[in-house]
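Engineer: Dropping in target19.cif, which is mmCIF, C-alpha atoms:
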data_protein
loop_
_atom_site.label_atom_id
_atom_site.label_comp_id
_atom_site.auth_asym_id
_atom_site.auth_seq_id
_atom_site.Cartn_x
_atom_site.Cartn_y
_atom_site.Cartn_z
CA MET A 1 -115.04 122.66 76.75
CA MET A 2 -114.88 125.94 74.83
CA LEU A 3 -111.94 126.23 72.39
CA ILE A 4 -110.87 129.86 72.02
CA GLN A 5 -109.23 130.86 68.75
CA ARG A 6 -105.96 132.68 69.45
CA GLN A 7 -105.48 135.85 67.42
CA ILE A 8 -101.70 135.48 67.50
CA LEU A 9 -101.83 132.34 65.32
CA PRO A 10 -101.32 134.11 61.93
CA TYR A 11 -98.26 135.90 63.32
CA VAL A 12 -96.82 132.61 64.60
CA GLU A 13 -97.33 131.01 61.19
CA LYS A 14 -95.67 133.98 59.47
CA THR A 15 -92.67 133.73 61.81
CA ILE A 16 -92.36 129.99 61.14
CA SER A 17 -92.16 130.75 57.40
CA GLU A 18 -89.38 133.30 57.96
CA TYR A 19 -87.10 131.72 60.60
CA PRO A 20 -85.55 128.27 61.14
CA VAL A 21 -86.47 128.48 64.84
CA THR A 22 -89.56 130.05 66.38
CA LEU A 23 -89.59 130.50 70.17
CA ILE A 24 -92.90 131.15 71.95
CA THR A 25 -92.51 132.55 75.45
CA GLY A 26 -95.11 133.63 77.98
CA ALA A 27 -96.23 133.11 81.55
CA ARG A 28 -97.13 129.67 82.80
CA GLN A 29 -100.66 128.62 81.73
CA VAL A 30 -101.21 131.28 79.00
CA GLY A 31 -101.90 128.57 76.41
CA LYS A 32 -98.54 127.92 74.71
CA THR A 33 -99.08 124.15 74.47
CA THR A 34 -102.60 124.54 73.07
CA LEU A 35 -101.31 127.01 70.48
CA VAL A 36 -98.49 124.79 69.23
CA THR A 37 -100.84 121.79 69.16
CA MET A 38 -102.97 123.69 66.62
CA ILE A 39 -99.83 124.25 64.53
CA GLU A 40 -98.75 120.63 64.95
CA LYS A 41 -101.92 119.36 63.29
CA LYS A 42 -102.04 122.00 60.58
CA HIS A 43 -98.37 122.01 59.52
CA GLY A 44 -97.21 118.44 60.12
CA TYR A 45 -94.93 118.91 63.13
CA THR A 46 -94.07 116.19 65.64
CA TYR A 47 -94.68 117.26 69.23
CA PHE A 48 -92.50 116.48 72.28
CA SER A 49 -92.83 117.88 75.80
CA PHE A 50 -89.98 118.02 78.28
CA ASP A 51 -92.49 117.74 81.09
CA ASP A 52 -91.88 114.06 80.31
CA THR A 53 -88.90 113.34 82.60
CA ASP A 54 -87.74 110.32 80.58
CA LEU A 55 -87.67 112.39 77.41
CA MET A 56 -85.88 115.20 79.22
CA LYS A 57 -83.23 112.77 80.50
CA GLU A 58 -82.74 111.32 77.00
CA ALA A 59 -82.24 114.79 75.50
CA LYS A 60 -79.84 115.91 78.23
CA GLU A 61 -77.63 112.82 78.07
CA ASN A 62 -77.07 112.88 74.31
CA PRO A 63 -78.58 115.99 72.64
CA LYS A 64 -76.94 115.21 69.27
CA LEU A 65 -78.47 111.74 69.10
CA PHE A 66 -81.79 113.07 70.38
CA LEU A 67 -82.11 115.53 67.49
CA LYS A 68 -81.06 112.86 65.01
CA THR A 69 -83.72 110.51 66.41
CA HIS A 70 -86.40 113.24 66.34
CA PRO A 71 -85.83 115.14 63.08
CA ALA A 72 -87.41 118.45 62.07
CA PRO A 73 -90.03 119.77 61.70
CA VAL A 74 -90.49 119.32 65.43
CA ILE A 75 -92.03 121.06 68.44
CA PHE A 76 -90.14 121.03 71.74
CA ASP A 77 -92.40 122.19 74.59
CA GLU A 78 -90.74 123.56 77.77
CA ILE A 79 -87.35 123.81 76.06
CA GLN A 80 -85.83 125.65 79.06
CA ARG A 81 -85.58 122.27 80.79
CA VAL A 82 -83.00 121.09 78.23
CA PRO A 83 -80.65 124.01 77.43
CA GLU A 84 -78.17 121.42 76.11
CA LEU A 85 -80.25 121.25 72.92
CA PHE A 86 -79.59 124.84 71.81
CA LEU A 87 -76.12 124.18 70.38
CA GLU A 88 -77.30 121.08 68.55
CA ILE A 89 -80.31 122.94 67.13
CA GLU A 90 -77.89 125.59 65.84
CA ALA A 91 -75.74 122.92 64.20
CA SER A 92 -78.79 121.25 62.65
CA VAL A 93 -80.05 124.56 61.20
CA ASN A 94 -76.60 125.45 59.85
CA LYS A 95 -76.30 122.07 58.13
CA ILE A 96 -79.62 122.49 56.25
CA ARG A 97 -78.80 126.09 55.35
CA ARG A 98 -75.41 125.05 53.98
CA GLU A 99 -76.68 122.05 52.01
CA GLN A 100 -80.11 123.26 50.83
CA GLY A 101 -80.14 127.04 51.27
CA SER A 102 -81.54 129.42 53.90
CA ILE A 103 -85.20 129.14 52.90
CA ALA A 104 -85.15 125.33 53.24
CA ALA A 105 -84.25 125.69 56.93
CA ASN A 106 -87.25 127.89 57.81
CA GLY A 107 -89.79 126.27 60.12
CA MET A 108 -87.51 123.49 61.38
CA TYR A 109 -88.01 124.01 65.11
CA LEU A 110 -90.89 125.41 67.14
CA LEU A 111 -89.96 125.88 70.80
CA THR A 112 -91.91 126.99 73.85
CA GLY A 113 -90.89 127.94 77.35
CA SER A 114 -91.97 129.93 80.39
CA GLN A 115 -88.66 130.88 81.99
CA LYS A 116 -87.45 133.77 79.86
CA TYR A 117 -84.09 134.22 81.59
CA ARG A 118 -82.88 130.70 80.79
CA LEU A 119 -84.45 130.81 77.35
CA MET A 120 -82.87 134.10 76.33
CA LYS A 121 -79.48 133.01 77.62
CA GLY A 122 -79.57 129.94 75.39
CA VAL A 123 -80.98 131.89 72.44
CA SER A 124 -78.41 134.70 72.62
CA GLU A 125 -75.53 132.25 72.88
CA SER A 126 -76.60 129.77 70.18
CA LEU A 127 -79.47 130.95 68.00
CA SER A 128 -78.84 134.63 67.32
CA GLY A 129 -80.12 135.51 63.85
CA ARG A 130 -81.87 132.16 63.48
CA VAL A 131 -84.82 132.62 65.80
CA GLY A 132 -88.07 134.58 65.81
CA ILE A 133 -89.21 135.30 69.36
CA ILE A 134 -92.91 135.64 70.16
CA GLU A 135 -94.47 136.55 73.50
CA LEU A 136 -97.89 134.96 74.01
CA PRO A 137 -100.02 137.04 76.41
CA PRO A 138 -103.05 135.83 78.37
CA LEU A 139 -106.39 135.84 76.55
CA SER A 140 -107.74 139.16 75.37
CA GLN A 141 -111.35 140.21 75.80
CA ALA A 142 -111.64 140.16 71.99
CA GLU A 143 -110.53 136.51 71.91
CA ILE A 144 -112.96 135.52 74.65
CA ARG A 145 -115.87 137.21 72.86
CA ASN A 146 -114.72 136.27 69.36
CA TYR A 147 -114.34 139.86 68.18
CA SER A 148 -112.07 140.75 65.28
CA SER A 149 -108.47 141.58 66.21
CA HIS A 150 -107.61 145.25 66.75
CA VAL A 151 -104.39 147.19 67.27
CA PHE A 152 -105.37 150.19 69.36
CA GLU A 153 -104.75 153.79 68.34
CA VAL A 154 -106.76 156.97 68.82
CA GLU A 155 -108.70 156.91 65.56
CA ASP A 156 -112.15 158.37 66.25
CA GLU A 157 -113.93 156.73 63.33
CA ILE A 158 -112.61 153.26 64.23
CA LEU A 159 -113.25 153.62 67.97
CA SER A 160 -116.82 154.83 67.35
CA LYS A 161 -117.45 151.88 65.05
CA LEU A 162 -116.06 149.37 67.57
CA SER A 163 -118.16 150.96 70.33
CA GLU A 164 -121.23 150.41 68.18
CA GLU A 165 -120.42 146.85 67.05
CA ARG A 166 -119.26 145.37 70.35
CA SER A 167 -121.10 144.69 73.58
CA LEU A 168 -119.66 144.44 77.08
CA SER A 169 -121.80 145.29 80.09
CA GLU A 170 -120.32 146.77 83.24
CA GLU A 171 -121.10 143.53 85.07
CA GLU A 172 -119.34 141.48 82.37
CA LEU A 173 -116.33 143.78 82.54
CA TYR A 174 -115.94 143.41 86.30
CA ASP A 175 -116.51 139.66 86.07
CA SER A 176 -113.71 139.30 83.51
CA ILE A 177 -111.35 141.49 85.52
CA LEU A 178 -112.00 139.30 88.57
CA ARG A 179 -111.86 136.03 86.64
CA GLY A 180 -108.65 136.97 84.84
CA PHE A 181 -107.49 135.95 81.39
CA TYR A 182 -105.73 132.61 81.66
CA PRO A 183 -107.42 130.13 79.27
CA ALA A 184 -108.23 127.66 82.07
CA ARG A 185 -110.51 130.31 83.60
CA TRP A 186 -112.68 130.40 80.44
CA GLU A 187 -112.50 127.04 78.69
CA ILE A 188 -114.99 125.28 80.96
CA GLU A 189 -118.56 126.51 80.68
CA GLY A 190 -120.08 127.99 83.83
CA MET A 191 -117.96 128.80 86.84
CA PRO A 192 -114.18 128.92 86.37
CA ILE A 193 -111.89 126.33 87.96
CA LYS A 194 -111.92 126.67 91.74
CA ASN A 195 -108.60 127.42 93.50
CA PHE A 196 -106.88 128.08 90.15
CA TYR A 197 -104.91 131.09 91.39
CA SER A 198 -103.93 129.62 94.76
CA ASN A 199 -102.51 126.58 92.94
CA TYR A 200 -100.93 128.84 90.32
CA VAL A 201 -99.03 130.91 92.91
CA LYS A 202 -97.97 127.81 94.85
CA THR A 203 -96.64 126.11 91.70
CA TYR A 204 -94.96 129.31 90.51
CA VAL A 205 -93.11 129.91 93.79
CA GLU A 206 -92.16 126.28 94.39
CA ARG A 207 -91.10 125.43 90.81
CA ASP A 208 -90.19 128.49 88.74
CA VAL A 209 -88.86 130.88 91.37
CA SER A 210 -87.00 128.20 93.33
CA GLN A 211 -85.26 127.09 90.11
CA LEU A 212 -84.05 130.63 89.41
CA ILE A 213 -82.88 131.69 92.87
CA ASN A 214 -82.10 130.23 96.26
CA LEU A 215 -85.33 131.28 97.96
CA ARG A 216 -84.66 131.17 101.69
CA ASP A 217 -87.95 132.67 102.83
CA GLN A 218 -90.91 131.56 100.74
CA MET A 219 -93.41 133.42 102.93
CA LYS A 220 -91.52 136.69 102.41
CA PHE A 221 -91.58 136.22 98.62
CA GLU A 222 -95.32 135.51 98.68
CA ASN A 223 -95.78 138.68 100.74
CA PHE A 224 -93.68 140.50 98.15
CA ILE A 225 -95.94 139.49 95.24
CA LYS A 226 -98.99 140.62 97.24
CA VAL A 227 -97.37 144.03 97.71
CA ILE A 228 -96.59 144.11 93.98
CA ALA A 229 -100.27 143.40 93.22
CA SER A 230 -101.28 146.33 95.44
CA LEU A 231 -99.05 148.60 93.34
CA THR A 232 -100.48 147.78 89.92
CA GLY A 233 -100.92 151.06 88.06
CA GLU A 234 -98.51 152.84 90.42
CA GLU A 235 -94.87 153.90 90.20
CA PHE A 236 -92.29 151.28 91.05
CA ILE A 237 -90.17 152.48 94.01
CA ALA A 238 -87.91 149.66 95.20
CA ASP A 239 -86.98 151.37 98.49
CA ASN A 240 -90.61 151.59 99.59
CA ILE A 241 -91.27 147.92 98.80
CA ALA A 242 -88.09 146.89 100.64
CA LYS A 243 -89.22 148.71 103.79
CA THR A 244 -92.71 147.21 103.59
CA ILE A 245 -91.59 143.57 103.41
CA GLY A 246 -88.34 143.82 105.41
CA VAL A 247 -85.69 143.03 102.79
CA ASP A 248 -82.99 145.16 101.18
CA LYS A 249 -83.46 147.12 97.97
CA ASN A 250 -81.23 144.79 95.92
CA THR A 251 -83.44 141.84 96.85
CA VAL A 252 -86.51 143.72 95.64
CA VAL A 253 -84.82 144.56 92.33
CA SER A 254 -83.79 140.92 91.93
CA TRP A 255 -87.28 139.63 92.72
CA VAL A 256 -88.91 142.13 90.33
CA SER A 257 -86.61 140.93 87.55
CA ILE A 258 -87.90 137.39 88.19
CA LEU A 259 -91.52 138.56 87.84
CA LEU A 260 -90.55 140.31 84.60
CA THR A 261 -88.84 137.24 83.14
CA SER A 262 -91.86 135.15 84.15
CA ASP A 263 -94.15 137.59 82.25
CA LEU A 264 -96.22 138.22 85.38
CA ILE A 265 -95.64 141.99 85.39
CA SER A 266 -94.69 144.81 83.01
CA LEU A 267 -92.78 148.00 83.79
CA LEU A 268 -93.91 151.02 81.79
CA PRO A 269 -91.28 153.73 81.19
CA SER A 270 -92.05 157.41 81.63
CA TYR A 271 -92.22 159.55 78.50
CA TYR A 272 -89.43 162.03 77.98
CA GLU A 273 -87.99 164.07 75.15
CA ASP A 274 -85.57 166.99 75.10
CA SER A 275 -88.03 169.28 73.35
CA ILE A 276 -90.31 169.25 76.41
CA ASN A 277 -88.60 171.29 79.12
CA LYS A 278 -90.40 169.96 82.16
CA ARG A 279 -89.29 168.22 85.33
CA ILE A 280 -90.35 164.70 84.41
CA VAL A 281 -90.77 161.87 86.89
CA LYS A 282 -88.49 159.17 85.47
CA ARG A 283 -89.52 156.21 87.58
CA LYS A 284 -91.32 153.34 85.85
CA LYS A 285 -94.93 152.35 86.37
CA LEU A 286 -95.82 148.77 87.31
CA TYR A 287 -98.65 146.64 85.95
CA VAL A 288 -99.63 143.07 86.82
CA ASN A 289 -100.20 141.30 83.48
CA ASP A 290 -103.35 139.52 84.64
CA THR A 291 -106.06 141.27 86.64
CA GLY A 292 -107.42 137.98 87.98
CA LEU A 293 -104.07 137.18 89.56
CA ALA A 294 -103.88 140.70 91.01
CA CYS A 295 -107.40 140.40 92.48
CA PHE A 296 -106.57 137.02 94.01
CA LEU A 297 -103.38 138.35 95.62
CA LEU A 298 -105.34 141.28 97.06
CA GLY A 299 -108.10 139.07 98.48
CA ILE A 300 -110.77 140.47 96.13
CA ASP A 301 -113.06 137.48 95.68
CA SER A 302 -116.31 138.77 94.15
CA VAL A 303 -117.59 141.38 91.72
CA LYS A 304 -119.25 143.18 94.64
CA ALA A 305 -115.94 143.30 96.53
CA LEU A 306 -114.17 144.59 93.39
CA LYS A 307 -116.70 147.38 92.88
CA GLN A 308 -116.32 148.47 96.50
CA SER A 309 -112.54 148.09 96.58
CA SER A 310 -110.13 151.02 96.77
CA PHE A 311 -108.26 149.19 93.97
CA LYS A 312 -111.18 149.41 91.52
CA GLY A 313 -109.74 152.36 89.57
CA ARG A 314 -106.32 150.80 89.26
CA MET A 315 -107.79 147.47 88.16
CA ILE A 316 -109.66 149.28 85.38
CA GLU A 317 -106.43 151.05 84.35
CA THR A 318 -104.49 147.76 84.50
CA TYR A 319 -107.15 146.10 82.36
CA ILE A 320 -106.93 148.89 79.74
CA HIS A 321 -103.12 148.78 79.66
CA ASN A 322 -103.12 144.99 79.35
CA GLU A 323 -105.74 144.87 76.57
CA ILE A 324 -103.84 147.42 74.48
CA ARG A 325 -100.61 145.50 75.02
CA LYS A 326 -102.23 142.17 74.05
CA GLY A 327 -103.55 143.65 70.81
CA TYR A 328 -100.04 144.63 69.74
CA LEU A 329 -98.43 141.35 70.79
CA ASN A 330 -101.09 139.33 68.96
CA ALA A 331 -100.50 141.34 65.79
CA GLY A 332 -96.74 140.83 66.03
CA GLU A 333 -96.09 144.54 66.59
CA GLU A 334 -93.46 145.73 69.04
CA ILE A 335 -95.16 147.41 72.00
CA ASP A 336 -92.61 147.76 74.81
CA SER A 337 -90.77 150.56 72.96
CA LYS A 338 -94.03 152.34 72.04
CA LEU A 339 -96.02 152.57 75.27
CA PHE A 340 -95.28 155.11 78.03
CA PHE A 341 -96.89 157.22 80.73
CA TYR A 342 -96.33 160.87 81.63
CA ARG A 343 -95.95 162.48 85.03
CA ASP A 344 -94.17 165.68 86.03
CA ASN A 345 -93.42 167.44 89.31
CA ASN A 346 -96.44 169.71 88.84
CA GLN A 347 -98.80 166.73 89.21
CA ASN A 348 -99.64 166.60 85.51
CA GLU A 349 -100.34 163.00 84.49
CA ILE A 350 -101.25 161.06 81.35
CA ASP A 351 -101.99 157.40 82.03
CA LEU A 352 -100.82 155.98 78.69
CA ILE A 353 -98.93 157.43 75.74
CA LEU A 354 -98.69 155.38 72.57
CA LEU A 355 -96.01 156.46 70.10
CA ARG A 356 -96.91 154.86 66.78
CA ASP A 357 -95.86 155.81 63.25
CA GLY A 358 -94.26 159.00 64.57
CA GLU A 359 -97.48 160.22 66.21
CA LEU A 360 -98.54 160.48 69.85
CA ASN A 361 -101.77 158.86 71.05
CA LEU A 362 -102.75 160.13 74.51
CA ILE A 363 -105.01 157.96 76.67
CA GLU A 364 -106.62 158.53 80.07
CA CYS A 365 -108.15 155.58 81.95
CA LYS A 366 -111.17 156.20 84.19
CA ALA A 367 -113.46 153.97 86.23
CA GLY A 368 -116.42 156.37 85.96
CA LYS A 369 -119.00 157.28 83.33
CA ASN A 370 -119.17 161.06 83.49
CA ILE A 371 -115.90 162.58 82.30
CA SER A 372 -115.09 166.30 82.57
CA LYS A 373 -112.50 168.41 80.74
CA ALA A 374 -110.29 168.18 83.83
CA ALA A 375 -109.56 164.55 82.93
CA VAL A 376 -107.63 165.60 79.81
CA LYS A 377 -106.03 168.87 80.96
CA SER A 378 -102.58 167.26 81.06
CA PHE A 379 -102.73 166.48 77.32
CA SER A 380 -101.58 170.06 76.69
CA GLN A 381 -98.23 169.31 78.38
CA LEU A 382 -97.08 167.51 75.21
CA LYS A 383 -97.90 170.34 72.80
CA GLY A 384 -94.18 171.13 72.55
CA SER A 385 -93.38 167.59 71.40
CA LYS A 386 -91.32 166.95 68.27
CA TYR A 387 -94.05 164.47 67.31
CA ASP A 388 -97.52 165.28 65.99
CA GLN A 389 -100.44 164.42 68.22
CA LYS A 390 -102.61 161.88 66.42
CA GLY A 391 -105.28 162.29 69.06
CA GLY A 392 -106.32 161.93 72.67
CA CYS A 393 -109.17 160.10 74.36
CA VAL A 394 -110.52 158.79 77.63
CA ILE A 395 -111.32 155.08 77.95
CA CYS A 396 -113.96 154.63 80.64
CA LEU A 397 -117.31 153.09 81.58
CA THR A 398 -119.43 155.43 79.47
CA ASP A 399 -122.22 153.65 77.58
CA ASP A 400 -121.55 155.50 74.32
CA PRO A 401 -118.88 157.84 72.89
CA VAL A 402 -119.12 161.34 74.38
CA ARG A 403 -117.39 164.51 73.21
CA ILE A 404 -115.28 166.08 75.98
CA GLU A 405 -113.85 168.97 74.00
CA ALA A 406 -112.79 169.66 70.42
CA GLY A 407 -111.16 166.50 69.02
CA ILE A 408 -111.24 164.57 72.31
CA TYR A 409 -113.84 161.93 73.16
CA ALA A 410 -114.60 159.51 75.96
CA TYR A 411 -115.02 155.98 74.59
CA PRO A 412 -116.54 152.89 76.21
CA ILE A 413 -114.05 150.31 77.37
CA ARG A 414 -115.47 147.71 74.96
CA CYS A 415 -113.70 149.50 72.05
CA LEU A 416 -110.28 148.13 73.11
#
Take the structure in the file and write it out as structure tokens.

Structural biologist:
Amino acid sequence: MMLIQRQILPYVEKTISEYPVTLITGARQVGKTTLVTMIEKKHGYTYFSFDDTDLMKEAKENPKLFLKTHPAPVIFDEIQRVPELFLEIEASVNKIRREQGSIAANGMYLLTGSQKYRLMKGVSESLSGRVGIIELPPLSQAEIRNYSSHVFEVEDEILSKLSEERSLSEEELYDSILRGFYPARWEIEGMPIKNFYSNYVKTYVERDVSQLINLRDQMKFENFIKVIASLTGEEFIADNIAKTIGVDKNTVVSWVSILLTSDLISLLPSYYEDSINKRIVKRKKLYVNDTGLACFLLGIDSVKALKQSSFKGRMIETYIHNEIRKGYLNAGEEIDSKLFFYRDNNQNEIDLILLRDGELNLIECKAGKNISKAAVKSFSQLKGSKYDQKGGCVICLTDDPVRIEAGIYAYPIRCL
């Protein structure tokens, strides 16, 4: 079995040193348990999982006694199963802070969970100001290939260097998009686990979704997530989805919120500022957070089928969006308030806009190799911005960096 080093580990360790409670969230199967097991061995924690029903029952029946019996530093895996512990964790942290000082309390509890709604409810009610919250994404391509970590921005010298140092063939790219980025798809040498995604969806619908809502029609929900997969890289329009699957708009909005809290999708806001007087499309753009899951839901079952699919371009764009997002999450940098897209009523579009350090990074995503100036014509729409433009680029399947026009290059996708 191949053990993949997670690039988020230094950020987790930093958070542990700064907060009494560290909470690691993320979709089911992204590697939360493996990550905290590494920390358990290195930093002397005791590990407990509430997948153990006897342990869960013990904690629920008498949370105060449970914490006394299992003192810090301790890891509680799948903490959303025992929300009764949050108040007692708060009391335990407050006691140490009062008796020994704030610094002495740091690193007491390391928690994990995959149902963000229940987790955040408990955190906001009991642990506000005492908890560092970390979102663990699926594996990045850099983690799989053991490349150095990288927070993306349009910096020509850095992107050229990464293009030169890294290797990723077109075939390898498509294979990874199809395989997806859950650790179980990579940890066994050779072919990935068979039926992983069919079991994943079945478990997700039957366990996670059914615990959050009263799901009357499981088939309709499964049809809904297939429609969502078909819209990756497209604008989210609830009315259209409702008509397609035969439910009302409010149901669609509710179901989308469940996918968001499960970290299965992201919604990208449109970019807008008062200084740009254009008619901006203000709907959000939808991305599935794992391309392998999206391919499975769309019935794309081979690299050949992916290359021939009408979804090929959007899978490439989804991959680019996801890899940029993972880089920021792994570095502990906020990304959801920095990443946007642009579209106006004159059909001008920019796939991704990264606002970092008061500068705009403009990014187009293309599934081809030969890129013309037409691909970046919309960059000029942001010339009236109150922010400076750091740079613009196209990320695509080119073999090497290519100049498109003054100051704008096409870079190979391996530079992400």

Engineer: Could you put an axis-aligned box around every listed atom of segment 2-8 of chain A, padded by 5 Å on each side, and send me its centre and edge lengths in Å to one decimal, as lines of an AutoDock Vina configuration file?

Structural biologist:
center_x = -108.3
center_y = 130.9
center_z = 71.1
size_x = 23.2
size_y = 19.9
size_z = 17.4

Engineer: Care to translate the PyMOL selection byres ((chain A and resi 176) around 12) into actual residues of this file, as a ChimeraX atom specification?

Structural biologist: /A:139-142,144-145,168-175,177-183,185-186,191-192,290-293,295,302-303,306,315-316,319,323

Engineer: Could you write out the selected residues, including C-alpha atoms, as a PDB file, in the frame of the given file?

Structural biologist:
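Output file selection.pdb is given in full below:
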ATOM      1  CA  LEU A 139    -106.390 135.840  76.550  1.00  0.00           C
ATOM      2  CA  SER A 140    -107.740 139.160  75.370  1.00  0.00           C
ATOM      3  CA  GLN A 141    -111.350 140.210  75.800  1.00  0.00           C
ATOM      4  CA  ALA A 142    -111.640 140.160  71.990  1.00  0.00           C
ATOM      5  CA  ILE A 144    -112.960 135.520  74.650  1.00  0.00           C
ATOM      6  CA  ARG A 145    -115.870 137.210  72.860  1.00  0.00           C
ATOM      7  CA  LEU A 168    -119.660 144.440  77.080  1.00  0.00           C
ATOM      8  CA  SER A 169    -121.800 145.290  80.090  1.00  0.00           C
ATOM      9  CA  GLU A 170    -120.320 146.770  83.240  1.00  0.00           C
ATOM     10  CA  GLU A 171    -121.100 143.530  85.070  1.00  0.00           C
ATOM     11  CA  GLU A 172    -119.340 141.480  82.370  1.00  0.00           C
ATOM     12  CA  LEU A 173    -116.330 143.780  82.540  1.00  0.00           C
ATOM     13  CA  TYR A 174    -115.940 143.410  86.300  1.00  0.00           C
ATOM     14  CA  ASP A 175    -116.510 139.660  86.070  1.00  0.00           C
ATOM     15  CA  ILE A 177    -111.350 141.490  85.520  1.00  0.00           C
ATOM     16  CA  LEU A 178    -112.000 139.300  88.570  1.00  0.00           C
ATOM     17  CA  ARG A 179    -111.860 136.030  86.640  1.00  0.00           C
ATOM     18  CA  GLY A 180    -108.650 136.970  84.840  1.00  0.00           C
ATOM     19  CA  PHE A 181    -107.490 135.950  81.390  1.00  0.00           C
ATOM     20  CA  TYR A 182    -105.730 132.610  81.660  1.00  0.00           C
ATOM     21  CA  PRO A 183    -107.420 130.130  79.270  1.00  0.00           C
ATOM     22  CA  ARG A 185    -110.510 130.310  83.600  1.00  0.00           C
ATOM     23  CA  TRP A 186    -112.680 130.400  80.440  1.00  0.00           C
ATOM     24  CA  MET A 191    -117.960 128.800  86.840  1.00  0.00           C
ATOM     25  CA  PRO A 192    -114.180 128.920  86.370  1.00  0.00           C
ATOM     26  CA  ASP A 290    -103.350 139.520  84.640  1.00  0.00           C
ATOM     27  CA  THR A 291    -106.060 141.270  86.640  1.00  0.00           C
ATOM     28  CA  GLY A 292    -107.420 137.980  87.980  1.00  0.00           C
ATOM     29  CA  LEU A 293    -104.070 137.180  89.560  1.00  0.00           C
ATOM     30  CA  CYS A 295    -107.400 140.400  92.480  1.00  0.00           C
ATOM     31  CA  SER A 302    -116.310 138.770  94.150  1.00  0.00           C
ATOM     32  CA  VAL A 303    -117.590 141.380  91.720  1.00  0.00           C
ATOM     33  CA  LEU A 306    -114.170 144.590  93.390  1.00  0.00           C
ATOM     34  CA  MET A 315    -107.790 147.470  88.160  1.00  0.00           C
ATOM     35  CA  ILE A 316    -109.660 149.280  85.380  1.00  0.00           C
ATOM     36  CA  TYR A 319    -107.150 146.100  82.360  1.00  0.00           C
ATOM     37  CA  GLU A 323    -105.740 144.870  76.570  1.00  0.00           C
TER      38      GLU A 323
END

Engineer: Might you pull out every residue within 10 Å of Lys285 of chain A, with all atoms listed in the file counted and same-chain residues fewer than 2 positions away left off, and present them as a ChimeraX atom specification?

Structural biologist: /A:231-237,266-270,282-283,287,340-342,351

Engineer: Written as a count of residues only, what is the full residue list that the PyMOL selection byres ((chain A and resi 59) around 12) yields on the file shown?

Structural biologist: 32

Engineer: List as a PyMOL selection string the protein and nucleic acid residues near segment 395-397 of chain A, meaning an atom at most 6 Å away when all atoms listed in the file are counted, but skip any in the same chain fewer than 4 places from it.

Structural biologist: chain A and resi 365-369+410-413

Engineer: A:Val402, A:Ala72, A:Ala27, A:Leu110: which is nearest Val12 of chain A, counting all atoms listed in the file?

Structural biologist: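 Of the candidates, the smallest distance to Val12 of chain A is held by A:Leu110.
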
Engineer: For the atom pair atom CA of Gly26 of chain A and atom CA of Val154 of chain A, what is the interatomic distance in Å to one decimal place?

Structural biologist: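 Going from atom CA of Gly26 of chain A over to atom CA of Val154 of chain A, I get 27.6 Å.
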
Engineer: Of the residues A:Tyr47, A:Tyr197, A:Tyr147, A:Tyr19, which is the one nearest to Gly107 of chain A, using all atoms listed in the file?

Structural biologist: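 Under the stated criterion, the closest residue is A:Tyr19.
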